[in-house]
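Undergrad: Pasting final.txt below, which is compact mmCIF, C-alpha atoms and all ligand atoms.
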```txt
# COMPACT_ATOMS: atom_id res chain seq x y z
CA MET A 50 142.19 74.27 285.05
CA GLU A 51 139.42 72.92 282.90
CA ASN A 52 138.96 74.47 279.55
CA LEU A 53 135.38 75.52 280.24
CA PRO A 54 134.13 79.08 280.61
CA ARG A 55 134.50 80.58 284.05
CA ILE A 56 131.47 80.57 286.32
CA GLY A 57 131.93 83.62 288.52
CA LEU A 58 130.65 84.15 292.04
CA ALA A 59 128.14 86.85 291.17
CA LEU A 60 128.98 88.27 287.79
CA PRO A 61 126.91 91.20 286.58
CA GLU A 62 124.22 90.24 284.09
CA ILE A 63 124.10 92.81 281.29
CA SER A 64 121.18 92.74 278.86
CA PRO A 65 120.99 94.24 275.34
CA ASP A 66 118.57 96.80 276.84
CA ASP A 67 121.25 97.82 279.33
CA ILE A 68 123.76 98.37 276.53
CA ALA A 69 121.25 100.36 274.50
CA TYR A 70 120.40 102.60 277.44
CA VAL A 71 124.01 103.29 278.40
CA THR A 72 124.69 104.05 274.73
CA ARG A 73 121.83 106.53 274.83
CA ALA A 74 123.36 108.31 277.84
CA MET A 75 126.60 108.60 275.87
CA THR A 76 124.88 109.70 272.67
CA GLU A 77 123.05 112.41 274.60
CA ASN A 78 126.28 113.33 276.37
CA TRP A 79 125.03 112.83 279.92
CA ILE A 80 127.88 110.71 281.12
CA THR A 81 129.28 112.73 284.00
CA THR A 82 127.98 113.40 287.51
CA GLY A 83 124.32 114.37 287.84
CA GLY A 84 121.90 115.17 285.01
CA PRO A 85 118.63 113.67 283.77
CA PHE A 86 119.73 110.01 283.86
CA VAL A 87 120.66 110.36 287.52
CA ASN A 88 117.32 112.05 288.29
CA GLU A 89 115.51 109.28 286.47
CA PHE A 90 117.33 106.57 288.43
CA GLU A 91 116.48 108.32 291.70
CA ASN A 92 112.82 108.59 290.71
CA ASP A 93 112.66 104.95 289.64
CA LEU A 94 114.21 103.85 292.94
CA LYS A 95 111.66 105.96 294.79
CA ALA A 96 108.85 104.34 292.84
CA TYR A 97 110.27 100.87 293.47
CA LEU A 98 110.59 101.49 297.20
CA ASP A 99 107.23 103.26 297.18
CA THR A 100 108.52 106.05 299.37
CA SER A 101 108.13 109.80 299.52
CA ASN A 102 111.56 110.10 301.14
CA ASP A 103 114.34 111.61 299.10
CA ILE A 104 116.78 109.17 297.50
CA LEU A 105 120.27 110.21 296.45
CA ALA A 106 122.08 108.25 293.77
CA LEU A 107 125.75 108.20 294.72
CA ASN A 108 128.98 106.78 293.34
CA SER A 109 129.19 103.89 295.82
CA GLY A 110 127.55 102.25 298.81
CA THR A 111 130.60 103.20 300.86
CA SER A 112 130.02 106.89 300.02
CA ALA A 113 126.38 106.49 301.05
CA LEU A 114 127.37 105.05 304.44
CA HIS A 115 129.93 107.82 304.95
CA LEU A 116 127.32 110.49 304.17
CA ALA A 117 124.74 108.82 306.44
CA LEU A 118 127.12 108.86 309.40
CA THR A 119 128.19 112.43 308.64
CA VAL A 120 124.63 113.72 308.39
CA ALA A 121 123.71 111.80 311.55
CA GLY A 122 126.23 114.10 313.23
CA VAL A 123 128.89 111.51 314.04
CA LYS A 124 132.04 113.14 315.35
CA GLU A 125 135.49 112.03 316.46
CA GLY A 126 135.30 109.69 319.46
CA ASP A 127 131.57 108.87 319.09
CA PHE A 128 130.55 105.24 319.59
CA ILE A 129 128.93 103.46 316.66
CA LEU A 130 127.35 100.02 317.05
CA CYS A 131 128.04 97.80 314.06
CA GLN A 132 127.44 94.21 312.98
CA THR A 133 130.76 92.37 312.85
CA MET A 134 129.66 89.91 310.13
CA SER A 135 129.93 92.18 307.15
CA TYR A 136 132.05 93.44 304.33
CA VAL A 137 134.65 95.96 305.46
CA ALA A 138 132.84 98.82 303.69
CA THR A 139 130.20 98.72 306.44
CA ALA A 140 132.72 99.85 309.07
CA ASN A 141 135.35 101.87 307.24
CA PRO A 142 133.26 105.07 307.12
CA ILE A 143 133.15 104.97 310.96
CA GLN A 144 136.92 105.14 310.83
CA TYR A 145 136.92 107.98 308.24
CA LEU A 146 135.16 110.06 310.89
CA LYS A 147 137.51 108.92 313.67
CA ALA A 148 134.54 107.52 315.55
CA LYS A 149 134.78 104.25 317.48
CA PRO A 150 133.08 101.11 316.19
CA ILE A 151 131.67 98.67 318.72
CA PHE A 152 131.33 95.36 316.93
CA ILE A 153 128.47 92.97 317.69
CA ASP A 154 128.22 89.26 316.99
CA SER A 155 125.52 87.56 314.91
CA GLU A 156 122.65 85.32 316.02
CA THR A 157 121.98 81.96 314.36
CA ASP A 158 118.51 82.61 312.87
CA THR A 159 119.49 85.23 310.31
CA TYR A 160 123.28 85.42 310.87
CA ASN A 161 122.88 89.13 311.41
CA ILE A 162 123.40 91.31 314.49
CA CYS A 163 122.34 89.66 317.75
CA PRO A 164 119.77 91.75 319.68
CA GLU A 165 120.92 90.48 323.11
CA ALA A 166 124.59 91.27 322.50
CA LEU A 167 123.53 94.63 321.09
CA GLU A 168 121.60 95.57 324.20
CA GLU A 169 124.47 94.49 326.43
CA ALA A 170 126.79 96.80 324.48
CA ILE A 171 124.35 99.71 324.77
CA LEU A 172 124.01 99.24 328.54
CA ASP A 173 127.80 99.27 328.92
CA CYS A 174 128.04 102.47 326.86
CA ILE A 175 125.41 104.09 329.07
CA LYS A 176 127.35 103.07 332.18
CA ILE A 177 130.29 105.16 331.03
CA GLY A 178 128.03 108.02 329.91
CA GLN A 179 128.55 107.51 326.18
CA MET A 180 125.24 106.89 324.43
CA PRO A 181 126.07 105.38 321.00
CA LYS A 182 125.53 107.83 318.14
CA ALA A 183 124.24 105.28 315.61
CA LEU A 184 123.50 101.63 315.01
CA ILE A 185 124.51 100.08 311.67
CA LEU A 186 122.37 97.09 310.71
CA VAL A 187 123.24 94.77 307.82
CA HIS A 188 121.14 92.24 305.90
CA SER A 189 123.93 89.79 305.13
CA PHE A 190 123.65 87.75 301.92
CA GLY A 191 120.27 89.42 301.39
CA ILE A 192 118.74 87.86 304.53
CA PRO A 193 117.02 90.60 306.53
CA CYS A 194 118.15 91.05 310.13
CA LYS A 195 115.69 90.81 313.05
CA ILE A 196 114.20 94.22 312.29
CA ASN A 197 111.43 94.01 314.83
CA GLU A 198 113.61 93.31 317.88
CA LEU A 199 116.36 95.62 316.70
CA THR A 200 114.18 98.65 316.00
CA THR A 201 112.51 98.21 319.38
CA ILE A 202 115.91 98.39 321.09
CA ALA A 203 117.08 101.34 318.98
CA ARG A 204 113.87 103.29 319.66
CA ASN A 205 114.03 102.50 323.34
CA TYR A 206 117.46 104.13 323.59
CA GLU A 207 116.77 106.67 320.83
CA ILE A 208 119.70 105.54 318.72
CA PRO A 209 119.38 106.33 314.99
CA ILE A 210 119.52 103.32 312.68
CA ILE A 211 121.68 103.25 309.57
CA GLU A 212 120.40 100.34 307.51
CA ASP A 213 123.12 98.88 305.31
CA ALA A 214 120.81 97.25 302.76
CA ALA A 215 123.65 96.99 300.20
CA GLU A 216 122.94 93.30 299.64
CA ALA A 217 119.21 93.34 300.21
CA LEU A 218 117.50 95.14 297.33
CA GLY A 219 114.35 93.05 296.79
CA SER A 220 114.34 91.45 300.26
CA TYR A 221 111.38 91.88 302.61
CA TYR A 222 110.67 91.82 306.32
CA ASP A 223 106.97 91.52 307.22
CA ASP A 224 106.11 92.40 303.61
CA GLN A 225 108.05 95.65 303.87
CA LYS A 226 111.01 96.21 301.57
CA CYS A 227 114.52 96.32 302.98
CA GLY A 228 115.92 99.79 302.53
CA SER A 229 112.87 101.32 304.20
CA PHE A 230 113.64 100.58 307.86
CA GLY A 231 116.47 102.89 308.86
CA ASP A 232 116.61 106.59 309.70
CA PHE A 233 119.11 106.26 306.87
CA SER A 234 119.16 103.36 304.43
CA VAL A 235 121.92 102.49 302.01
CA PHE A 236 122.14 100.41 298.83
CA SER A 237 125.13 99.43 296.73
CA PHE A 238 125.08 98.86 292.99
CA ASN A 239 128.61 97.57 292.55
CA GLY A 240 129.39 94.78 290.14
CA ASN A 241 128.43 91.82 292.30
CA LYS A 242 125.19 93.17 293.74
CA ILE A 243 121.79 92.00 292.48
CA LEU A 244 121.45 95.21 290.50
CA THR A 245 124.60 96.82 289.18
CA ALA A 246 125.27 100.32 287.96
CA GLY A 247 128.92 99.39 287.34
CA SER A 248 129.60 101.12 290.59
CA GLY A 249 127.14 103.09 292.63
CA GLY A 250 125.10 103.46 295.74
CA ALA A 251 122.01 105.12 297.10
CA LEU A 252 121.16 106.90 300.32
CA ILE A 253 117.62 107.25 301.60
CA CYS A 254 117.09 109.78 304.38
CA ARG A 255 113.90 109.65 306.42
CA SER A 256 114.08 113.37 307.19
CA ASP A 257 114.01 116.06 304.50
CA GLY A 258 116.57 118.13 306.38
CA ASP A 259 119.01 115.21 306.42
CA ALA A 260 118.42 114.60 302.71
CA GLN A 261 119.14 118.24 301.86
CA ARG A 262 122.30 118.23 303.92
CA ALA A 263 123.41 114.95 302.30
CA ARG A 264 122.81 116.32 298.78
CA HIS A 265 124.76 119.41 299.62
CA LEU A 266 127.75 117.50 300.98
CA ALA A 267 127.68 114.98 298.11
CA SER A 268 128.41 117.71 295.59
CA GLN A 269 131.30 119.54 297.30
CA ALA A 270 129.00 121.67 299.49
CA LYS A 271 128.65 124.31 296.81
CA SER A 272 126.46 127.10 298.14
CA LEU A 273 125.89 129.17 294.99
CA ALA A 274 124.26 127.93 291.80
CA PHE A 275 126.64 129.99 289.64
CA GLY A 276 129.93 130.45 291.40
CA PHE A 277 132.38 128.64 293.52
CA GLU A 278 131.50 129.23 297.14
CA HIS A 279 131.69 126.19 299.40
CA ASP A 280 130.28 126.43 302.91
CA ALA A 281 131.69 123.13 304.16
CA VAL A 282 134.25 120.53 303.21
CA GLY A 283 132.15 118.38 300.91
CA TYR A 284 132.66 115.27 298.80
CA ASN A 285 132.48 114.26 295.18
CA TYR A 286 129.96 111.48 295.75
CA VAL A 287 127.25 112.07 293.13
CA MET A 288 126.57 109.23 290.70
CA PRO A 289 127.64 109.74 287.07
CA GLY A 290 125.00 109.57 284.32
CA LEU A 291 126.62 106.55 282.67
CA ASN A 292 126.18 104.50 285.85
CA ALA A 293 122.68 105.85 286.37
CA ALA A 294 121.63 104.78 282.86
CA LEU A 295 122.82 101.25 283.59
CA GLY A 296 121.14 101.31 287.01
CA THR A 297 117.80 102.45 285.55
CA SER A 298 117.85 99.81 282.88
CA GLN A 299 118.80 97.13 285.42
CA LEU A 300 116.08 98.23 287.83
CA GLY A 301 113.56 97.61 285.05
CA ASN A 302 114.66 93.95 285.11
CA LEU A 303 114.88 93.55 288.87
CA GLU A 304 111.86 91.28 289.16
CA SER A 305 113.31 88.81 286.65
CA LYS A 306 116.65 88.89 288.49
CA LEU A 307 114.81 88.06 291.71
CA VAL A 308 113.12 85.13 289.99
CA SER A 309 116.55 83.85 288.85
CA LYS A 310 118.02 84.26 292.35
CA ASN A 311 115.09 82.31 293.75
CA LYS A 312 115.61 79.54 291.22
CA ILE A 313 119.33 79.30 292.01
CA ASN A 314 118.56 79.19 295.73
CA ALA A 315 116.02 76.38 295.21
CA PHE A 316 118.62 74.49 293.14
CA TYR A 317 121.18 74.59 295.96
CA LYS A 318 118.62 73.85 298.64
CA GLU A 319 117.57 70.68 296.82
CA LEU A 320 121.16 69.67 296.08
CA PHE A 321 122.36 70.02 299.67
CA LYS A 322 119.56 67.78 300.92
CA GLU A 323 121.63 64.96 299.41
CA ILE A 324 124.95 66.11 300.80
CA GLU A 325 125.87 65.31 304.37
CA GLY A 326 128.18 67.29 306.61
CA VAL A 327 127.23 70.72 305.34
CA THR A 328 124.33 73.00 306.16
CA PHE A 329 122.77 75.25 303.58
CA ILE A 330 122.26 78.64 305.18
CA GLU A 331 118.67 79.80 305.28
CA THR A 332 116.35 81.30 307.80
CA SER A 333 113.28 79.60 309.22
CA SER A 334 111.57 82.89 310.02
CA THR A 335 108.31 83.36 308.14
CA ARG A 336 108.61 87.14 308.54
CA ILE A 337 111.59 87.18 306.21
CA LYS A 338 111.84 87.00 302.44
CA SER A 339 115.42 87.01 301.20
CA ASN A 340 116.42 88.13 297.71
CA HIS A 341 118.92 85.21 297.87
CA TRP A 342 121.74 87.47 296.77
CA LEU A 343 124.42 84.96 297.75
CA ASN A 344 124.07 81.28 298.59
CA VAL A 345 126.18 80.15 301.49
CA ILE A 346 126.99 76.74 302.95
CA CYS A 347 128.54 75.95 306.25
CA PHE A 348 130.60 72.83 307.03
CA ASP A 349 129.15 71.21 310.17
CA ASN A 350 132.62 70.26 311.38
CA LEU A 351 135.85 71.58 310.04
CA CYS A 352 137.52 68.88 308.02
CA VAL A 353 134.92 66.08 307.86
CA ASN A 354 136.51 63.26 305.82
CA HIS A 355 139.16 65.71 304.67
CA LYS A 356 136.48 68.00 303.29
CA THR A 357 137.05 71.65 304.10
CA PRO A 358 135.89 75.02 302.80
CA GLN A 359 139.42 75.59 301.46
CA GLY A 360 139.43 72.14 299.82
CA LEU A 361 136.07 72.77 298.17
CA LEU A 362 137.11 76.24 297.03
CA GLU A 363 140.22 74.80 295.38
CA TYR A 364 138.33 71.92 293.83
CA LEU A 365 135.74 74.26 292.33
CA TYR A 366 138.53 76.55 291.14
CA SER A 367 140.10 73.60 289.29
CA LYS A 368 136.78 73.30 287.44
CA ASN A 369 136.84 77.04 286.65
CA ILE A 370 134.01 77.66 289.11
CA GLU A 371 134.48 80.55 291.52
CA SER A 372 133.48 80.30 295.16
CA ARG A 373 134.56 82.57 297.98
CA PHE A 374 135.17 82.54 301.72
CA LEU A 375 132.89 84.61 303.87
CA TRP A 376 134.01 87.99 305.13
CA LYS A 377 136.36 87.73 308.01
CA PRO A 378 134.41 89.30 310.89
CA LEU A 379 135.35 92.93 311.32
CA HIS A 380 136.43 92.63 314.95
CA LEU A 381 139.06 90.10 313.85
CA GLN A 382 140.46 92.33 311.12
CA HIS A 383 143.91 93.64 311.87
CA ILE A 384 142.71 97.20 311.31
CA TYR A 385 139.99 96.79 313.96
CA THR A 386 141.47 94.54 316.64
CA ASN A 387 141.66 97.32 319.22
CA GLN A 388 137.92 97.99 319.14
CA SER A 389 135.27 96.70 321.55
CA TYR A 390 133.39 93.53 320.75
CA TYR A 391 130.21 92.00 322.21
CA GLY A 392 129.04 88.46 321.68
CA ALA A 393 130.41 84.97 321.29
CA THR A 394 131.81 83.24 318.21
CA VAL A 395 128.78 82.91 315.93
CA ALA A 396 130.25 85.16 313.24
CA GLU A 397 133.73 83.72 313.68
CA ASP A 398 132.47 80.12 313.38
CA LEU A 399 130.45 81.02 310.31
CA TRP A 400 133.48 82.62 308.73
CA LYS A 401 135.70 79.63 309.43
CA SER A 402 133.23 77.02 308.24
CA GLY A 403 131.42 78.83 305.46
CA LEU A 404 131.72 79.17 301.71
CA CYS A 405 129.80 81.37 299.25
CA LEU A 406 128.72 79.57 296.08
CA PRO A 407 128.17 80.98 292.58
CA SER A 408 124.93 82.93 292.61
CA GLY A 409 124.97 85.15 289.51
CA THR A 410 121.61 85.61 287.79
CA GLY A 411 123.25 85.17 284.39
CA MET A 412 124.08 81.49 285.02
CA SER A 413 122.65 79.08 282.47
CA ASP A 414 121.17 75.63 283.14
CA GLU A 415 124.46 74.17 281.85
CA ASP A 416 126.32 76.23 284.44
CA LEU A 417 124.10 74.85 287.19
CA ASP A 418 124.70 71.32 285.85
CA ARG A 419 128.45 71.89 286.02
CA ILE A 420 128.16 73.18 289.59
CA GLU A 421 126.00 70.21 290.57
CA SER A 422 128.46 67.66 289.16
CA ALA A 423 131.42 69.40 290.76
CA LEU A 424 129.75 69.51 294.19
CA LYS A 425 128.61 65.88 293.94
CA ASP A 426 132.10 64.80 292.85
CA TYR A 427 133.72 66.65 295.73
CA PHE A 428 131.34 65.27 298.34
CA LYS A 429 131.26 61.84 296.59
CA VAL A 430 127.46 61.69 296.45
C1 LIG B 501 128.84 95.97 298.78
C2 LIG B 501 128.66 96.38 300.16
C3 LIG B 501 128.95 97.68 300.61
C4 LIG B 501 129.72 98.68 299.82
O1 LIG B 501 129.27 99.04 298.63
P1 LIG B 501 130.24 99.66 297.50
O2 LIG B 501 129.22 100.13 296.51
O3 LIG B 501 131.09 98.54 297.00
O4 LIG B 501 131.00 100.77 298.10
C5 LIG B 501 128.62 98.02 301.91
N1 LIG B 501 128.08 97.14 302.75
C6 LIG B 501 127.81 95.88 302.37
C7 LIG B 501 127.17 94.96 303.36
C8 LIG B 501 128.11 95.45 301.08
O5 LIG B 501 127.87 94.18 300.71
```
Go ahead and express the file in the form of C-alpha cells.
TA:
Amino acid sequence: MENLPRIGLALPEISPDDIAYVTRAMTENWITTGGPFVNEFENDLKAYLDTSNDILALNSGTSALHLALTVAGVKEGDFILCQTMSYVATANPIQYLKAKPIFIDSETDTYNICPEALEEAILDCIKIGQMPKALILVHSFGIPCKINELTTIARNYEIPIIEDAAEALGSYYDDQKCGSFGDFSVFSFNGNKILTAGSGGALICRSDGDAQRARHLASQAKSLAFGFEHDAVGYNYVMPGLNAALGTSQLGNLESKLVSKNKINAFYKELFKEIEGVTFIETSSTRIKSNHWLNVICFDNLCVNHKTPQGLLEYLYSKNIESRFLWKPLHLQHIYTNQSYYGATVAEDLWKSGLCLPSGTGMSDEDLDRIESALKDYFKV
C-alpha cells in the first residue's frame, strides 16, 4: 500500500461552517429527535425543492421508504414493482411489510428501470388479478430514470409511484428536480450521498393526508400531546437535531458540491476518451441532467488484455484509492432469489462489468492527478 492519503469512494465533505452549525445545535441543546433544527432543515428542503408538499426529515432513507410503503397502504402479500439495479435499501422495506417485490431489469439509456419490462410485469399481475400496490423508481448514480414513459405507465394503471431519489438530490428531468415526481419521494443523507447529515433521510408526500399519517407513524404514533397514548404501532424514525444541523449547513453548500461533481465527471469523461476497452457511463438524453453522484465505468468485454474490474479495483487499492463494484442486482441476491423478475441481463451485465470510481466532492486537484496516473498506468496509456 502506498504511503499516500486514502482517496475514498465518496467521502463526506465537511466544511468549517458545518462544524460551527453542529456545534451550535449542541450548545443550544437541540441534539435529539425533532426540535427547531429539524424544522429548519425541513423548511430549507422545501424551499430548495420549491414545493408546498410536506417534507419529513427522518433518520435514514430506508426509514423514509418504509414509511412511504406503509402510508401507501402496502400489506402482506401485495405486489410491489421495483428496479433491480439498486442498493438493497430500496427493496428491504418491501420485505419488512411481507409484501412481494417484483424486480425489473434496466434499460441501456439511463441504466434505470426498463419501461417495456415494467409493463410486461404489470400485465402479468393483472392476469392473475393482483394489481401491483406501488412502483419504486430509482435514479441510479444520480442519473434520472425515464420519468416520462414511466409515469405514463403508472398513471395508466393507477399505480402509485415511490420515487427513490436517494442518490439524485440536484438531478433534473425536463428541468424539474428529482424528488418531485413520485406520489412519495425519498432522499437519503447518509455519509456517501451528495449531501450528508451523518445519517438521515427525507420523505415527501404529495397528499397532506399521507404526510400527516407519515408524521404520526414516524414518532411512535403518539395520539396525545401530553401523555402516552399510542393509536398504532409506530416507529422511531424522526431525524435528530444534530443531523439536521449538519444537513441544513450542507444544503447551503449544495450548489458548490454540484459544481465539484460536474468537474469530477468532466475529468473522467475526458480521461476515458483516451482509454480503450471501457465505456464511461453517461446518458445521451437531453431531457436529463445528472448530479453525477457517482462515476461509473463499464468494461466492454470481461478480461480484455487481462484487465478486469477486479484487477482495476485491486490496482487502485494498492495506490490507496478506493473504487467499488456496482450493486449486485437485487433479483440475484440470495435473500431475493425466490421473487419474480422481468427483463434480460442489462443490470446483471452492468454489475459484472462495472466499477464505481472515486467521486467525492472533497477531492483535490492532486487527488485527481493521482487517480489519472493510476488509471493510465493500469490501462498502459
Ligand atoms: C443510500 C440509498 C438508500 C438508503 O438510504 P439510507 O439513508 O442509507 O438508509 C436507498 N436507496 C438508494 C438508491 C440509496 O442509494
Undergrad: Could you give me, as a ChimeraX atom specification, the residues within 10 Å of segment 76-82 of chain A, counting all atoms listed in the file and dropping anything in the same chain fewer than 2 positions from it?
TA: /A:70-74,84-87,107-108,268,285-294
Undergrad: Select, counting all atoms listed in the file, all protein, DNA and RNA residues no farther than 10 Å from (125.9, 100.6, 295.0) in file coordinates, and express the selection as a ChimeraX atom specification.
TA: /A:106-113,214-216,235-252,288,292,296
Undergrad: Between A:Leu343, A:Ile63, A:Ile104, A:Leu167, which is the closest to ligand LIG 501 (chain B) once you count only C-alpha atoms and all ligand atoms?
TA: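 Among A:Leu343, A:Ile63, A:Ile104, A:Leu167, it is A:Leu343 that comes nearest to ligand LIG 501 (chain B).
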Undergrad: Which residue is closest to ligand LIG 501 (chain B)? Choose from A:Asp213, A:Asp93, A:Asp418, A:Glu325 and count all atoms listed in the file.
TA: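 Among A:Asp213, A:Asp93, A:Asp418, A:Glu325, it is A:Asp213 that comes nearest to ligand LIG 501 (chain B).
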Undergrad: Report, in Å with one decimal, the straight-line distance from atom CA of Ser220 of chain A to atom CA of Asp158 of chain A.
TA: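 So the two atoms, atom CA of Ser220 of chain A and atom CA of Asp158 of chain A, lie 16.0 Å apart.
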Undergrad: Just give me the gap between atom CA of Glu363 of chain A and atom CA of Leu406 of chain A in Å, one decimal is fine.
TA: 12.5 Å
Undergrad: Give me the residues within 9 Å of segment 368-382 of chain A as a ChimeraX atom specification, counting all atoms listed in the file and dropping any in the same chain fewer than 3 places off.
TA: /A:50-59,132-137,140,151-154,345,358-359,361-365,385-390,396-397,399-407,419-420,423
Undergrad: To one decimal in Å, tell me the separation between atom CA of Asp257 of chain A and atom CA of Ser272 of chain A.
TA: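 Atom CA of Asp257 of chain A sits 17.8 Å away from atom CA of Ser272 of chain A.
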Undergrad: Find, counting all atoms listed in the file, the residue in A:Ile337, A:Leu146, A:Ile253, A:Ala138 that gets nearest to Cys194 of chain A.
TA: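 Using all atoms listed in the file, Cys194 of chain A sits closest to A:Ile337.
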Undergrad: Here is a test: counting only C-alpha atoms and all ligand atoms, which residue of A:Ser64, A:Thr394, A:Asn314, A:Ser234 is nearest to ligand LIG 501 (chain B)?
TA: A:Ser234
Undergrad: Determine the nearest neighbour of ligand LIG 501 (chain B) from the options A:Ile68, A:Ala217, A:Ile210, A:Ala121, counting only C-alpha atoms and all ligand atoms.
TA: A:Ala217
